[in-house]
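Asks: upload.pdb (PDB, C-alpha atoms and all ligand atoms) pasted underneath:
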ATOM      1  CA  LYS A   1      38.512 -20.051  11.767
ATOM      2  CA  HIS A   2      39.744 -17.718   9.073
ATOM      3  CA  LYS A   3      40.496 -15.160  11.751
ATOM      4  CA  GLY A   4      43.121 -17.427  13.287
ATOM      5  CA  ARG A   5      43.475 -20.016  16.035
ATOM      6  CA  ASP A   6      42.617 -19.585  19.710
ATOM      7  CA  LEU A   7      40.241 -16.723  19.144
ATOM      8  CA  VAL A   8      36.747 -16.340  20.476
ATOM      9  CA  HIS A   9      34.501 -14.347  18.216
ATOM     10  CA  ILE A  10      31.673 -12.508  19.914
ATOM     11  CA  TYR A  11      28.651 -12.467  17.637
ATOM     12  CA  SER A  12      26.650  -9.303  17.746
ATOM     13  CA  ASP A  13      25.125  -7.080  15.101
ATOM     14  CA  THR A  14      26.860  -8.925  12.283
ATOM     15  CA  ASP A  15      25.057 -12.017  13.468
ATOM     16  CA  LYS A  16      21.718 -10.283  13.110
ATOM     17  CA  ASP A  17      22.820  -9.015   9.718
ATOM     18  CA  SER A  18      23.549 -12.504   8.464
ATOM     19  CA  GLU A  19      20.200 -13.659   9.812
ATOM     20  CA  LYS A  20      18.515 -10.860   7.895
ATOM     21  CA  LEU A  21      20.465 -11.729   4.772
ATOM     22  CA  ARG A  22      19.379 -15.355   5.026
ATOM     23  CA  ASP A  23      15.780 -14.241   5.526
ATOM     24  CA  THR A  24      15.984 -12.030   2.439
ATOM     25  CA  ILE A  25      17.506 -14.808   0.312
ATOM     26  CA  GLU A  26      14.790 -17.220   1.431
ATOM     27  CA  TRP A  27      12.007 -14.777   0.597
ATOM     28  CA  ILE A  28      13.511 -14.011  -2.811
ATOM     29  CA  HIS A  29      13.366 -17.735  -3.468
ATOM     30  CA  GLU A  30       9.750 -17.953  -2.257
ATOM     31  CA  LEU A  31       8.828 -14.989  -4.432
ATOM     32  CA  GLN A  32      10.433 -16.540  -7.520
ATOM     33  CA  GLN A  33       8.578 -19.801  -6.832
ATOM     34  CA  ALA A  34       5.298 -17.954  -6.380
ATOM     35  CA  ILE A  35       5.810 -16.056  -9.636
ATOM     36  CA  ALA A  36       6.734 -19.212 -11.546
ATOM     37  CA  ASN A  37       3.655 -21.046 -10.237
ATOM     38  CA  ASP A  38       1.244 -18.127 -10.563
ATOM     39  CA  ASN A  39       0.776 -18.000  -6.798
ATOM     40  CA  ILE A  40       0.695 -14.239  -6.406
ATOM     41  CA  VAL A  41      -2.770 -13.458  -5.074
ATOM     42  CA  LEU A  42      -4.479 -10.079  -4.831
ATOM     43  CA  HIS A  43      -7.143  -9.305  -2.266
ATOM     44  CA  PHE A  44      -9.286  -6.212  -2.504
ATOM     45  CA  GLN A  45     -10.513  -3.873   0.217
ATOM     46  CA  PRO A  46     -13.040  -1.117  -0.526
ATOM     47  CA  VAL A  47     -12.444   2.520   0.291
ATOM     48  CA  MET A  48     -15.676   4.274   1.166
ATOM     49  CA  LYS A  49     -16.658   7.850   0.432
ATOM     50  CA  ILE A  50     -17.857   9.092   3.813
ATOM     51  CA  LYS A  51     -20.277  11.637   2.353
ATOM     52  CA  ASP A  52     -22.522   9.102   0.626
ATOM     53  CA  TYR A  53     -21.232   5.709   1.850
ATOM     54  CA  SER A  54     -20.462   4.572  -1.701
ATOM     55  CA  PHE A  55     -17.354   2.561  -2.565
ATOM     56  CA  ALA A  56     -14.961   4.879  -4.368
ATOM     57  CA  TYR A  57     -12.262   2.343  -5.165
ATOM     58  CA  PHE A  58     -10.618  -0.861  -3.989
ATOM     59  CA  GLU A  59      -7.076  -1.247  -2.697
ATOM     60  CA  ALA A  60      -5.199  -4.261  -4.093
ATOM     61  CA  LEU A  61      -3.272  -6.057  -1.338
ATOM     62  CA  VAL A  62      -0.827  -8.799  -2.248
ATOM     63  CA  ARG A  63      -0.543 -12.251  -0.649
ATOM     64  CA  LEU A  64       1.687 -15.188  -1.558
ATOM     65  CA  ASN A  65       0.097 -18.589  -1.836
ATOM     66  CA  ILE A  66       2.730 -20.897  -0.362
ATOM     67  CA  ASN A  67       1.687 -24.550  -0.306
ATOM     68  CA  GLY A  68      -1.946 -23.576  -0.195
ATOM     69  CA  GLU A  69      -1.555 -21.099   2.635
ATOM     70  CA  LEU A  70      -1.808 -17.348   2.155
ATOM     71  CA  VAL A  71       1.158 -15.432   3.500
ATOM     72  CA  TYR A  72       0.642 -11.724   4.252
ATOM     73  CA  PRO A  73       2.938  -8.842   3.232
ATOM     74  CA  ASN A  74       4.202  -8.101   6.744
ATOM     75  CA  SER A  75       6.068 -11.434   6.577
ATOM     76  CA  PHE A  76       7.884 -10.821   3.319
ATOM     77  CA  ILE A  77       7.830  -7.114   2.309
ATOM     78  CA  PRO A  78      10.445  -5.989   4.902
ATOM     79  CA  ALA A  79      12.821  -8.798   3.840
ATOM     80  CA  LEU A  80      12.293  -8.119   0.143
ATOM     81  CA  GLU A  81      12.632  -4.345   0.572
ATOM     82  CA  ARG A  82      16.244  -4.989   1.621
ATOM     83  CA  ALA A  83      16.926  -6.300  -1.862
ATOM     84  CA  GLU A  84      16.195  -4.914  -5.284
ATOM     85  CA  ASP A  85      14.223  -8.094  -5.912
ATOM     86  CA  ILE A  86      11.088  -6.473  -4.569
ATOM     87  CA  LYS A  87      10.905  -4.900  -8.032
ATOM     88  CA  LEU A  88       9.867  -8.337  -9.294
ATOM     89  CA  LEU A  89       6.918  -8.222  -6.923
ATOM     90  CA  ASP A  90       5.969  -4.701  -8.023
ATOM     91  CA  HIS A  91       6.027  -5.800 -11.662
ATOM     92  CA  GLN A  92       3.795  -8.774 -10.906
ATOM     93  CA  VAL A  93       1.320  -6.756  -8.882
ATOM     94  CA  VAL A  94       1.129  -4.025 -11.513
ATOM     95  CA  ALA A  95       0.606  -6.500 -14.369
ATOM     96  CA  LYS A  96      -1.985  -8.495 -12.456
ATOM     97  CA  SER A  97      -3.904  -5.466 -11.201
ATOM     98  CA  ILE A  98      -4.164  -3.933 -14.665
ATOM     99  CA  SER A  99      -5.284  -7.210 -16.237
ATOM    100  CA  MET A 100      -7.930  -7.509 -13.508
ATOM    101  CA  LEU A 101      -9.190  -3.997 -14.231
ATOM    102  CA  ALA A 102      -9.845  -5.173 -17.790
ATOM    103  CA  GLU A 103     -11.392  -8.436 -16.657
ATOM    104  CA  TYR A 104     -13.672  -6.842 -14.022
ATOM    105  CA  PRO A 105     -15.250  -3.595 -15.215
ATOM    106  CA  ASP A 106     -17.162  -3.438 -11.897
ATOM    107  CA  LEU A 107     -13.815  -2.892 -10.228
ATOM    108  CA  LYS A 108     -14.184   0.777 -11.012
ATOM    109  CA  ARG A 109     -10.870   2.030  -9.695
ATOM    110  CA  ILE A 110      -8.034   0.428  -7.803
ATOM    111  CA  ALA A 111      -5.136   1.543  -5.671
ATOM    112  CA  ILE A 112      -1.857  -0.303  -6.194
ATOM    113  CA  ASN A 113       0.883  -0.212  -3.535
ATOM    114  CA  LEU A 114       4.425   0.357  -4.771
ATOM    115  CA  SER A 115       7.613  -0.467  -2.881
ATOM    116  CA  ALA A 116      10.339   1.997  -2.008
ATOM    117  CA  HIS A 117      12.518   0.632  -4.803
ATOM    118  CA  ALA A 118       9.810   1.147  -7.407
ATOM    119  CA  PHE A 119      10.690   4.801  -7.649
ATOM    120  CA  SER A 120      14.179   4.125  -8.916
ATOM    121  CA  ASP A 121      12.998   1.357 -11.224
ATOM    122  CA  GLU A 122      13.344   2.577 -14.800
ATOM    123  CA  LYS A 123      11.447  -0.428 -16.094
ATOM    124  CA  LEU A 124       8.319   0.283 -14.072
ATOM    125  CA  SER A 125       6.599   3.133 -15.903
ATOM    126  CA  PRO A 126       7.215   1.552 -19.353
ATOM    127  CA  LEU A 127       5.668  -1.644 -17.969
ATOM    128  CA  ILE A 128       2.663   0.264 -16.635
ATOM    129  CA  SER A 129       2.077   2.049 -19.923
ATOM    130  CA  GLN A 130       2.525  -1.188 -21.877
ATOM    131  CA  LYS A 131      -0.051  -2.994 -19.696
ATOM    132  CA  ILE A 132      -2.499  -0.106 -19.993
ATOM    133  CA  GLN A 133      -2.174  -0.365 -23.786
ATOM    134  CA  GLN A 134      -2.322  -4.150 -23.884
ATOM    135  CA  TYR A 135      -5.486  -4.376 -21.782
ATOM    136  CA  GLN A 136      -7.031  -1.132 -23.044
ATOM    137  CA  VAL A 137      -7.613   0.114 -19.530
ATOM    138  CA  ASP A 138      -8.500   3.720 -18.716
ATOM    139  CA  PRO A 139      -5.451   4.976 -16.726
ATOM    140  CA  LYS A 140      -7.801   7.099 -14.596
ATOM    141  CA  ARG A 141      -8.874   3.842 -12.957
ATOM    142  CA  ILE A 142      -5.426   3.464 -11.397
ATOM    143  CA  ILE A 143      -4.088   5.140  -8.253
ATOM    144  CA  PHE A 144      -0.596   4.357  -7.017
ATOM    145  CA  GLU A 145       0.093   4.347  -3.279
ATOM    146  CA  LEU A 146       3.516   5.137  -1.994
ATOM    147  CA  THR A 147       4.531   5.083   1.638
ATOM    148  CA  GLU A 148       5.941   8.299   2.909
ATOM    149  CA  SER A 149       9.294   6.909   4.020
ATOM    150  CA  ALA A 150       9.814   5.313   0.623
ATOM    151  CA  SER A 151       9.556   8.544  -1.313
ATOM    152  CA  LEU A 152      11.940  10.358   0.986
ATOM    153  CA  THR A 153      14.874   8.087   0.238
ATOM    154  CA  ASN A 154      15.170   9.617  -3.208
ATOM    155  CA  LEU A 155      12.911  12.598  -3.647
ATOM    156  CA  SER A 156      14.080  13.622  -7.134
ATOM    157  CA  ALA A 157      13.715  10.113  -8.595
ATOM    158  CA  THR A 158      10.326   9.860  -6.891
ATOM    159  CA  MET A 159       9.214  13.172  -8.377
ATOM    160  CA  ARG A 160      10.280  12.078 -11.847
ATOM    161  CA  MET A 161       8.380   8.810 -11.543
ATOM    162  CA  ILE A 162       5.220  10.481 -10.236
ATOM    163  CA  LYS A 163       5.287  12.950 -13.106
ATOM    164  CA  GLU A 164       5.585  10.065 -15.574
ATOM    165  CA  LEU A 165       2.677   8.250 -13.954
ATOM    166  CA  ASN A 166       0.611  11.440 -13.859
ATOM    167  CA  GLN A 167       1.328  11.972 -17.555
ATOM    168  CA  LEU A 168      -0.030   8.517 -18.244
ATOM    169  CA  GLY A 169      -3.204   9.661 -16.483
ATOM    170  CA  CYS A 170      -2.811   7.654 -13.262
ATOM    171  CA  GLY A 171      -3.462   9.088  -9.799
ATOM    172  CA  PHE A 172      -1.118   9.033  -6.879
ATOM    173  CA  SER A 173      -1.594   8.883  -3.119
ATOM    174  CA  ILE A 174       0.715   9.203  -0.120
ATOM    175  CA  ASP A 175       0.231   6.144   2.103
ATOM    176  CA  ASP A 176       0.710   5.800   5.871
ATOM    177  CA  PHE A 177       1.042   9.554   6.259
ATOM    178  CA  GLY A 178       2.378  10.711   9.596
ATOM    179  CA  THR A 179       4.653   7.777  10.341
ATOM    180  CA  GLY A 180       7.653   8.660   8.212
ATOM    181  CA  PHE A 181       9.671  11.810   8.505
ATOM    182  CA  SER A 182       6.782  13.960   7.418
ATOM    183  CA  THR A 183       7.788  17.359   6.278
ATOM    184  CA  PHE A 184       5.591  20.061   4.871
ATOM    185  CA  SER A 185       7.928  20.713   1.952
ATOM    186  CA  TYR A 186       7.489  17.114   1.001
ATOM    187  CA  LEU A 187       3.705  17.421   1.029
ATOM    188  CA  LYS A 188       4.038  20.609  -0.976
ATOM    189  CA  GLN A 189       6.291  19.061  -3.612
ATOM    190  CA  LEU A 190       4.623  15.737  -4.287
ATOM    191  CA  PRO A 191       1.766  16.042  -6.782
ATOM    192  CA  ALA A 192      -0.422  13.564  -4.919
ATOM    193  CA  LYS A 193      -4.194  13.830  -5.056
ATOM    194  CA  SER A 194      -4.731  12.191  -1.720
ATOM    195  CA  VAL A 195      -3.185  11.606   1.661
ATOM    196  CA  LYS A 196      -3.831   8.403   3.561
ATOM    197  CA  ILE A 197      -3.700   9.034   7.297
ATOM    198  CA  ASP A 198      -1.799   6.202   8.951
ATOM    199  CA  GLY A 199      -3.972   3.635  10.706
ATOM    200  CA  SER A 200      -2.062   3.995  13.959
ATOM    201  CA  PHE A 201      -3.661   7.442  14.452
ATOM    202  CA  VAL A 202      -7.120   6.296  13.426
ATOM    203  CA  GLN A 203      -7.293   3.037  15.349
ATOM    204  CA  ASP A 204      -7.339   4.671  18.815
ATOM    205  CA  MET A 205      -9.288   7.854  18.091
ATOM    206  CA  LYS A 206     -12.105   6.726  20.384
ATOM    207  CA  SER A 207      -9.866   6.619  23.432
ATOM    208  CA  ASP A 208      -7.097   9.077  22.604
ATOM    209  CA  PRO A 209      -7.878  12.787  22.106
ATOM    210  CA  ILE A 210      -4.315  13.373  20.860
ATOM    211  CA  ASP A 211      -4.982  11.019  17.956
ATOM    212  CA  VAL A 212      -8.197  12.910  17.209
ATOM    213  CA  ALA A 213      -6.228  16.172  17.144
ATOM    214  CA  LEU A 214      -3.614  14.679  14.815
ATOM    215  CA  VAL A 215      -6.186  13.248  12.419
ATOM    216  CA  ARG A 216      -7.928  16.619  12.339
ATOM    217  CA  ALA A 217      -4.619  18.412  11.701
ATOM    218  CA  ILE A 218      -3.591  16.096   8.867
ATOM    219  CA  LYS A 219      -7.019  16.448   7.261
ATOM    220  CA  ASP A 220      -6.799  20.275   7.529
ATOM    221  CA  ILE A 221      -3.343  20.365   5.923
ATOM    222  CA  ALA A 222      -4.421  17.994   3.149
ATOM    223  CA  GLN A 223      -7.511  20.089   2.508
ATOM    224  CA  SER A 224      -5.654  23.378   2.405
ATOM    225  CA  LEU A 225      -3.305  21.874  -0.178
ATOM    226  CA  GLY A 226      -6.272  20.741  -2.266
ATOM    227  CA  LYS A 227      -5.813  17.065  -1.498
ATOM    228  CA  VAL A 228      -8.405  14.599  -0.270
ATOM    229  CA  SER A 229      -7.888  12.674   2.950
ATOM    230  CA  VAL A 230      -8.383   8.956   3.536
ATOM    231  CA  ALA A 231      -8.424   7.238   6.938
ATOM    232  CA  GLU A 232      -7.305   3.596   7.161
ATOM    233  CA  PHE A 233      -7.975   1.130  10.042
ATOM    234  CA  VAL A 234     -11.558   2.228  10.641
ATOM    235  CA  GLU A 235     -12.649  -0.600  12.923
ATOM    236  CA  ASP A 236     -15.986   0.583  14.357
ATOM    237  CA  ARG A 237     -18.927   2.883  13.806
ATOM    238  CA  GLU A 238     -17.874   5.359  16.456
ATOM    239  CA  THR A 239     -14.573   6.010  14.659
ATOM    240  CA  LEU A 240     -16.382   6.405  11.346
ATOM    241  CA  GLU A 241     -18.711   8.966  12.925
ATOM    242  CA  MET A 242     -15.778  10.887  14.370
ATOM    243  CA  LEU A 243     -14.127  10.960  10.949
ATOM    244  CA  ALA A 244     -17.355  12.218   9.378
ATOM    245  CA  GLU A 245     -17.549  14.960  11.974
ATOM    246  CA  ILE A 246     -13.915  15.992  11.320
ATOM    247  CA  GLY A 247     -14.585  16.033   7.584
ATOM    248  CA  VAL A 248     -12.225  13.282   6.406
ATOM    249  CA  ASP A 249     -13.259  12.348   2.853
ATOM    250  CA  TYR A 250     -12.753   8.582   2.664
ATOM    251  CA  ALA A 251     -12.598   5.633   5.065
ATOM    252  CA  GLN A 252     -11.175   2.133   4.827
ATOM    253  CA  GLY A 253     -11.067  -0.602   7.431
ATOM    254  CA  TYR A 254     -12.441  -3.798   8.885
ATOM    255  CA  TYR A 255     -15.641  -2.047   9.990
ATOM    256  CA  ILE A 256     -16.457  -1.350   6.344
ATOM    257  CA  ALA A 257     -14.990  -4.552   4.881
ATOM    258  CA  LYS A 258     -11.930  -6.768   5.161
ATOM    259  CA  PRO A 259      -9.602  -7.346   2.208
ATOM    260  CA  GLN A 260     -10.916 -10.344   0.284
ATOM    261  CA  PRO A 261     -10.795 -12.186  -3.035
ATOM    262  CA  ILE A 262     -12.161 -10.309  -6.034
ATOM    263  CA  GLU A 263     -15.283 -12.482  -6.348
ATOM    264  CA  THR A 264     -16.625 -11.612  -2.890
ATOM    265  CA  ALA A 265     -15.228  -8.070  -2.896
ATOM    266  CA  LEU A 266     -17.357  -7.207  -5.922
ATOM    267  CA  LYS A 267     -20.482  -8.497  -4.173
ATOM    268  CA  LEU A 268     -19.978  -6.387  -1.057
ATOM    269  CA  LYS A 269     -22.891  -4.201  -0.059
ATOM    270  CA  CYS A 270     -22.271  -0.644   1.092
ATOM    271  CA  LEU A 271     -22.980   0.082   4.766
ATOM    272  CA  PRO A 272     -26.426   1.516   5.451
ATOM    273  CA  LYS A 273     -26.261   5.293   5.764
ATOM    274  CA  PRO A 274     -27.131   6.522   9.258
ATOM    275  CA  LYS A 275     -30.402   8.467   9.468
ATOM    276  CA  THR A 276     -29.726  12.044  10.474
TER     277      THR A 276
HETATM  278  P1  LIG A 301      -1.108  -0.516   3.639
HETATM  279  O1  LIG A 301      -0.983  -0.135   2.196
HETATM  280  O2  LIG A 301      -1.137   0.583   4.634
HETATM  281  O3  LIG A 301      -2.388  -1.435   3.699
HETATM  282  C1  LIG A 301      -3.240  -1.511   4.797
HETATM  283  C2  LIG A 301      -3.016  -2.753   5.602
HETATM  284  O4  LIG A 301      -3.870  -2.698   6.755
HETATM  285  C3  LIG A 301      -3.394  -4.058   4.900
HETATM  286  O5  LIG A 301      -2.568  -5.080   5.443
HETATM  287  C4  LIG A 301      -4.827  -4.279   5.364
HETATM  288  O6  LIG A 301      -5.229  -5.622   5.315
HETATM  289  C5  LIG A 301      -4.760  -3.793   6.791
HETATM  290  N1  LIG A 301      -6.052  -3.302   7.283
HETATM  291  C6  LIG A 301      -7.107  -2.856   6.566
HETATM  292  N2  LIG A 301      -8.117  -2.456   7.363
HETATM  293  C7  LIG A 301      -7.689  -2.647   8.640
HETATM  294  C8  LIG A 301      -8.288  -2.423   9.931
HETATM  295  O7  LIG A 301      -9.422  -1.945  10.067
HETATM  296  N3  LIG A 301      -7.538  -2.730  11.022
HETATM  297  C9  LIG A 301      -6.277  -3.250  10.914
HETATM  298  N4  LIG A 301      -5.619  -3.526  12.033
HETATM  299  N5  LIG A 301      -5.683  -3.475   9.712
HETATM  300  C10 LIG A 301      -6.378  -3.179   8.586
HETATM  301  P2  LIG A 301      -1.778  -6.062   4.509
HETATM  302  O8  LIG A 301      -2.638  -6.508   3.391
HETATM  303  O9  LIG A 301      -1.178  -7.093   5.412
HETATM  304  O10 LIG A 301      -0.647  -5.133   3.910
HETATM  305  C11 LIG A 301       0.354  -4.563   4.728
HETATM  306  C12 LIG A 301       1.221  -3.611   3.946
HETATM  307  O11 LIG A 301       1.965  -4.298   2.939
HETATM  308  C13 LIG A 301       0.435  -2.560   3.171
HETATM  309  O12 LIG A 301       0.079  -1.528   4.041
HETATM  310  C14 LIG A 301       1.410  -2.160   2.094
HETATM  311  O13 LIG A 301       2.333  -1.188   2.572
HETATM  312  C15 LIG A 301       2.156  -3.451   1.830
HETATM  313  N6  LIG A 301       1.616  -4.057   0.604
HETATM  314  C16 LIG A 301       0.432  -4.699   0.437
HETATM  315  N7  LIG A 301       0.282  -5.097  -0.840
HETATM  316  C17 LIG A 301       1.395  -4.693  -1.505
HETATM  317  C18 LIG A 301       1.829  -4.797  -2.880
HETATM  318  O14 LIG A 301       1.156  -5.319  -3.746
HETATM  319  N8  LIG A 301       3.057  -4.258  -3.185
HETATM  320  C19 LIG A 301       3.850  -3.640  -2.255
HETATM  321  N9  LIG A 301       5.018  -3.148  -2.650
HETATM  322  N10 LIG A 301       3.450  -3.506  -0.964
HETATM  323  C20 LIG A 301       2.250  -4.027  -0.593
HETATM  324 MG    MG A 302      -1.686   1.069   0.831
HETATM  325 MG    MG A 303      -2.204   2.448   3.939
HETATM  326 MG    MG A 304      -0.810   1.385   6.557
END
Would you encode the structure as structure tokens?

Replies:
Amino acid sequence: KHKGRDLVHIYSDTDKDSEKLRDTIEWIHELQQAIANDNIVLHFQPVMKIKDYSFAYFEALVRLNINGELVYPNSFIPALERAEDIKLLDHQVVAKSISMLAEYPDLKRIAINLSAHAFSDEKLSPLISQKIQQYQVDPKRIIFELTESASLTNLSATMRMIKELNQLGCGFSIDDFGTGFSTFSYLKQLPAKSVKIDGSFVQDMKSDPIDVALVRAIKDIAQSLGKVSVAEFVEDRETLEMLAEIGVDYAQGYYIAKPQPIETALKLKCLPKPKT
């Protein structure tokens, strides 16, 4: 109406934009509710050292408990990433993960995912160091995971943040490697100890020789830069064996264990080592 009488407005992209905006506003509200009611839940998935089948660390994966139902990150992370409000989620996850490290000594090390906005969040590293102090946690027990595309949006801010986290004693890993705009200079510049090969390459290794070649190539690059490689989405024994043959260092996926509440995650048994 504000555009004048007798006009027909054709809705197109702007329509989708307003839909996205509404989605984001709704999820910000859900997030605030979840924070207020202590309904931020962390599940833990082990990452296995392929050489000896031991669990090296657990990845913390966030869920929102909304009216008793667990909602997974794919539903809300994209909407929240469009707003700065995802920083609230990062703060919650960081605080909760570090308190759980203190509460559960058996949780030897954990990986914490950070959003793209985290790396321009000046409040984040002070919060991390404060929580480490408060709970008297060894910072070596913490690895931060950052998705490749996230770090590229602001490489200098990302570098600064990683250096701060490294100074605290925390580790750092590049997540979902191969899906963003991977560049070699980027791999060269980021002081990450490990590279997580994106699950989309790992999932189909059995049937797709191109994926096998890519996994091998990423592992070789990581190795020549002195970084360890981790494969996610390992869903069967055959894939695990292929990864062992290629020389990938760590594996994570449903074949080894699904993400689950801390109580059951800590009781998980390692897979039996194959006799060779
Ligand atoms: P990601 O960091 O790459 O985490 C791996 C995702 O793959 C998890 O999904 C996990 O449950 C799933 N997964 C593990 N093994 C397998 C498998 O064998 N097959 C298949 N198909 N999937 C597997 P989830 O928990 O839904 O998390 C999705 C993404 O959301 C994560 O991807 C991460 O980028 C983000 N995320 C999770 N937790 C947090 C968090 O606390 N903060 C932030 N900022 N992002 C988070
Ligand atoms: Mg991750
Ligand atoms: Mg990952
Ligand atoms: Mg992934």

Asks: What residues of the protein or nucleic acid chains come within 6 Å of ligand LIG 301 (chain A) when you use only C-alpha atoms and all ligand atoms? Reply as a list in words.

Replies: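 With only C-alpha atoms and all ligand atoms and a cut-off of 6 Å, ligand LIG 301 (chain A) is contacted by Leu61, Val62, Tyr72, Pro73, Asn74, Asp90, Val93, Asn113, Leu114, Ser115, Asp176, Phe233, Val234, Glu235, Gly253, Tyr254 and Pro259 of chain A.
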
Asks: Could you tell me, counting all atoms listed in the file, which protein and nucleic acid residues lie no more than 10 Å from ligand MG 304 (chain A), written as an MDAnalysis selection string?

Replies: chainID A and resid 147 175:177 179 196:200 231:233

Asks: May I have the selected residues written with C-alpha atoms, as a PDB file, keeping the file's coordinate frame?

Replies:
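Listing of out_20.pdb after writing:
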ATOM      1  CA  THR A 147       4.531   5.083   1.638  1.00  0.00           C
ATOM      2  CA  ASP A 175       0.231   6.144   2.103  1.00  0.00           C
ATOM      3  CA  ASP A 176       0.710   5.800   5.871  1.00  0.00           C
ATOM      4  CA  PHE A 177       1.042   9.554   6.259  1.00  0.00           C
ATOM      5  CA  THR A 179       4.653   7.777  10.341  1.00  0.00           C
ATOM      6  CA  LYS A 196      -3.831   8.403   3.561  1.00  0.00           C
ATOM      7  CA  ILE A 197      -3.700   9.034   7.297  1.00  0.00           C
ATOM      8  CA  ASP A 198      -1.799   6.202   8.951  1.00  0.00           C
ATOM      9  CA  GLY A 199      -3.972   3.635  10.706  1.00  0.00           C
ATOM     10  CA  SER A 200      -2.062   3.995  13.959  1.00  0.00           C
ATOM     11  CA  ALA A 231      -8.424   7.238   6.938  1.00  0.00           C
ATOM     12  CA  GLU A 232      -7.305   3.596   7.161  1.00  0.00           C
ATOM     13  CA  PHE A 233      -7.975   1.130  10.042  1.00  0.00           C
TER      14      PHE A 233
END

Asks: Take the point (-9.4, 7.5, 0.2) in the file's coordinates, draw a sphere of radius 6 Å around it, and report as a list in words every protein, DNA or RNA residue with an atom inside or on it, counting all atoms listed in the file.

Replies: Val47, Val230 and Tyr250 of chain A

Asks: Starting from the shown file, work through the PyMOL selection byres (((chain A and resi 190) around 9) and not hetatm) and note down what comes out as JSON, numbers by chain.

Replies: {"A": [155, 158, 159, 162, 174, 185, 186, 187, 188, 189, 191, 192]}

Asks: Starting from the shown file, work through the PyMOL selection byres (((chain A and resi 66) around 9) and not hetatm) and note down what comes out as a list in words.

Replies: Glu30, Gln33, Ala34, Asn39, Leu64, Asn65, Asn67, Gly68, Glu69, Leu70 and Val71 of chain A

Asks: Name the residues in contact with Lys123 of chain A at a cut-off of 10 Å, using all atoms listed in the file, excluding same-chain residues fewer than 4 positions from it; report them as a PyMOL selection string.

Replies: chain A and resi 87+91+118-119+127-128

Asks: Pick the closest to ligand MG 302 (chain A) from A:Ala116, A:Ser173, A:Met161, A:Trp27: which is it, counting all atoms listed in the file?

Replies: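 Residue with the minimum atom-to-atom distance to ligand MG 302 (chain A): A:Ser173.
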
Asks: Quote the spacing between atom CA of Tyr53 of chain A and atom CA of Ala251 of chain A in Å to one decimal place.

Replies: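 Spanning atom CA of Tyr53 of chain A to atom CA of Ala251 of chain A is a straight-line distance of 9.2 Å.
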
Asks: Please write the residues picked by the PyMOL selection byres (((chain A and resi 137) around 12) and not hetatm) on this file as a PyMOL selection string.

Replies: chain A and resi 95+97-105+107-110+128-136+138-142+168-170

Asks: For the residues selected in the previous step, produce a file with C-alpha atoms as a short mmCIF file (atom, residue, chain, number, x, y, z; two decimals), keeping the file's coordinate frame.

Replies:
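New file selection_33.cif:
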data_model
loop_
_atom_site.label_atom_id
_atom_site.label_comp_id
_atom_site.auth_asym_id
_atom_site.auth_seq_id
_atom_site.Cartn_x
_atom_site.Cartn_y
_atom_site.Cartn_z
CA ALA A 95 0.61 -6.50 -14.37
CA SER A 97 -3.90 -5.47 -11.20
CA ILE A 98 -4.16 -3.93 -14.66
CA SER A 99 -5.28 -7.21 -16.24
CA MET A 100 -7.93 -7.51 -13.51
CA LEU A 101 -9.19 -4.00 -14.23
CA ALA A 102 -9.85 -5.17 -17.79
CA GLU A 103 -11.39 -8.44 -16.66
CA TYR A 104 -13.67 -6.84 -14.02
CA PRO A 105 -15.25 -3.60 -15.22
CA LEU A 107 -13.82 -2.89 -10.23
CA LYS A 108 -14.18 0.78 -11.01
CA ARG A 109 -10.87 2.03 -9.70
CA ILE A 110 -8.03 0.43 -7.80
CA ILE A 128 2.66 0.26 -16.64
CA SER A 129 2.08 2.05 -19.92
CA GLN A 130 2.52 -1.19 -21.88
CA LYS A 131 -0.05 -2.99 -19.70
CA ILE A 132 -2.50 -0.11 -19.99
CA GLN A 133 -2.17 -0.36 -23.79
CA GLN A 134 -2.32 -4.15 -23.88
CA TYR A 135 -5.49 -4.38 -21.78
CA GLN A 136 -7.03 -1.13 -23.04
CA ASP A 138 -8.50 3.72 -18.72
CA PRO A 139 -5.45 4.98 -16.73
CA LYS A 140 -7.80 7.10 -14.60
CA ARG A 141 -8.87 3.84 -12.96
CA ILE A 142 -5.43 3.46 -11.40
CA LEU A 168 -0.03 8.52 -18.24
CA GLY A 169 -3.20 9.66 -16.48
CA CYS A 170 -2.81 7.65 -13.26
#

Asks: Which distance in Å separates atom CA of Gly171 of chain A and atom CA of Leu88 of chain A, to one decimal?

Replies: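 That distance, rounded to one decimal, is 21.9 Å.
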
Asks: Using all atoms listed in the file, pick whichever of A:Val94, A:Ala111, A:Ile86, A:Ile50 has the shortest atom-to-atom distance to Ala244 of chain A.

Replies: A:Ile50

Asks: What's the separation between atom CA of Ser229 of chain A and atom CA of Gln203 of chain A, in Å to one decimal place?

Replies: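 Atom-to-atom, atom CA of Ser229 of chain A to atom CA of Gln203 of chain A, that is 15.7 Å.
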
Asks: Got a sec: who's within 10 Å of Val212 of chain A, counting all atoms listed in the file, leaving out chain neighbours fewer than 5 positions off, as a PyMOL selection string?

Replies: chain A and resi 201-202+204-207+217+239+242-243+246

Asks: Counting all atoms listed in the file, which residue out of A:Val215, A:Val228, A:Ala222, A:Ala60 sits closest to ligand MG 302 (chain A)?

Replies: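 Of A:Val215, A:Val228, A:Ala222, A:Ala60, the one nearest ligand MG 302 (chain A), counting all atoms listed in the file, is A:Ala60.
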
Asks: Edge lengths and centre, in Å to one decimal, as JSON: that's what I need for the box along x, y and z that holds all listed atoms of segment 65-69 of chain A plus 3 Å on each side.

Replies:
{"center_x": 0.4, "center_y": -21.6, "center_z": 0.4, "size_x": 10.7, "size_y": 12.0, "size_z": 10.5}

Asks: Go through A:Ser54, A:Thr264, A:Gln32, A:Asn166 one by one, measure the shortest atom-to-atom distance of each to Phe144 of chain A using all atoms listed in the file, and give the residue with the smallest value.

Replies: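 Between A:Ser54, A:Thr264, A:Gln32, A:Asn166, the residue approaching Phe144 of chain A most closely is A:Asn166.
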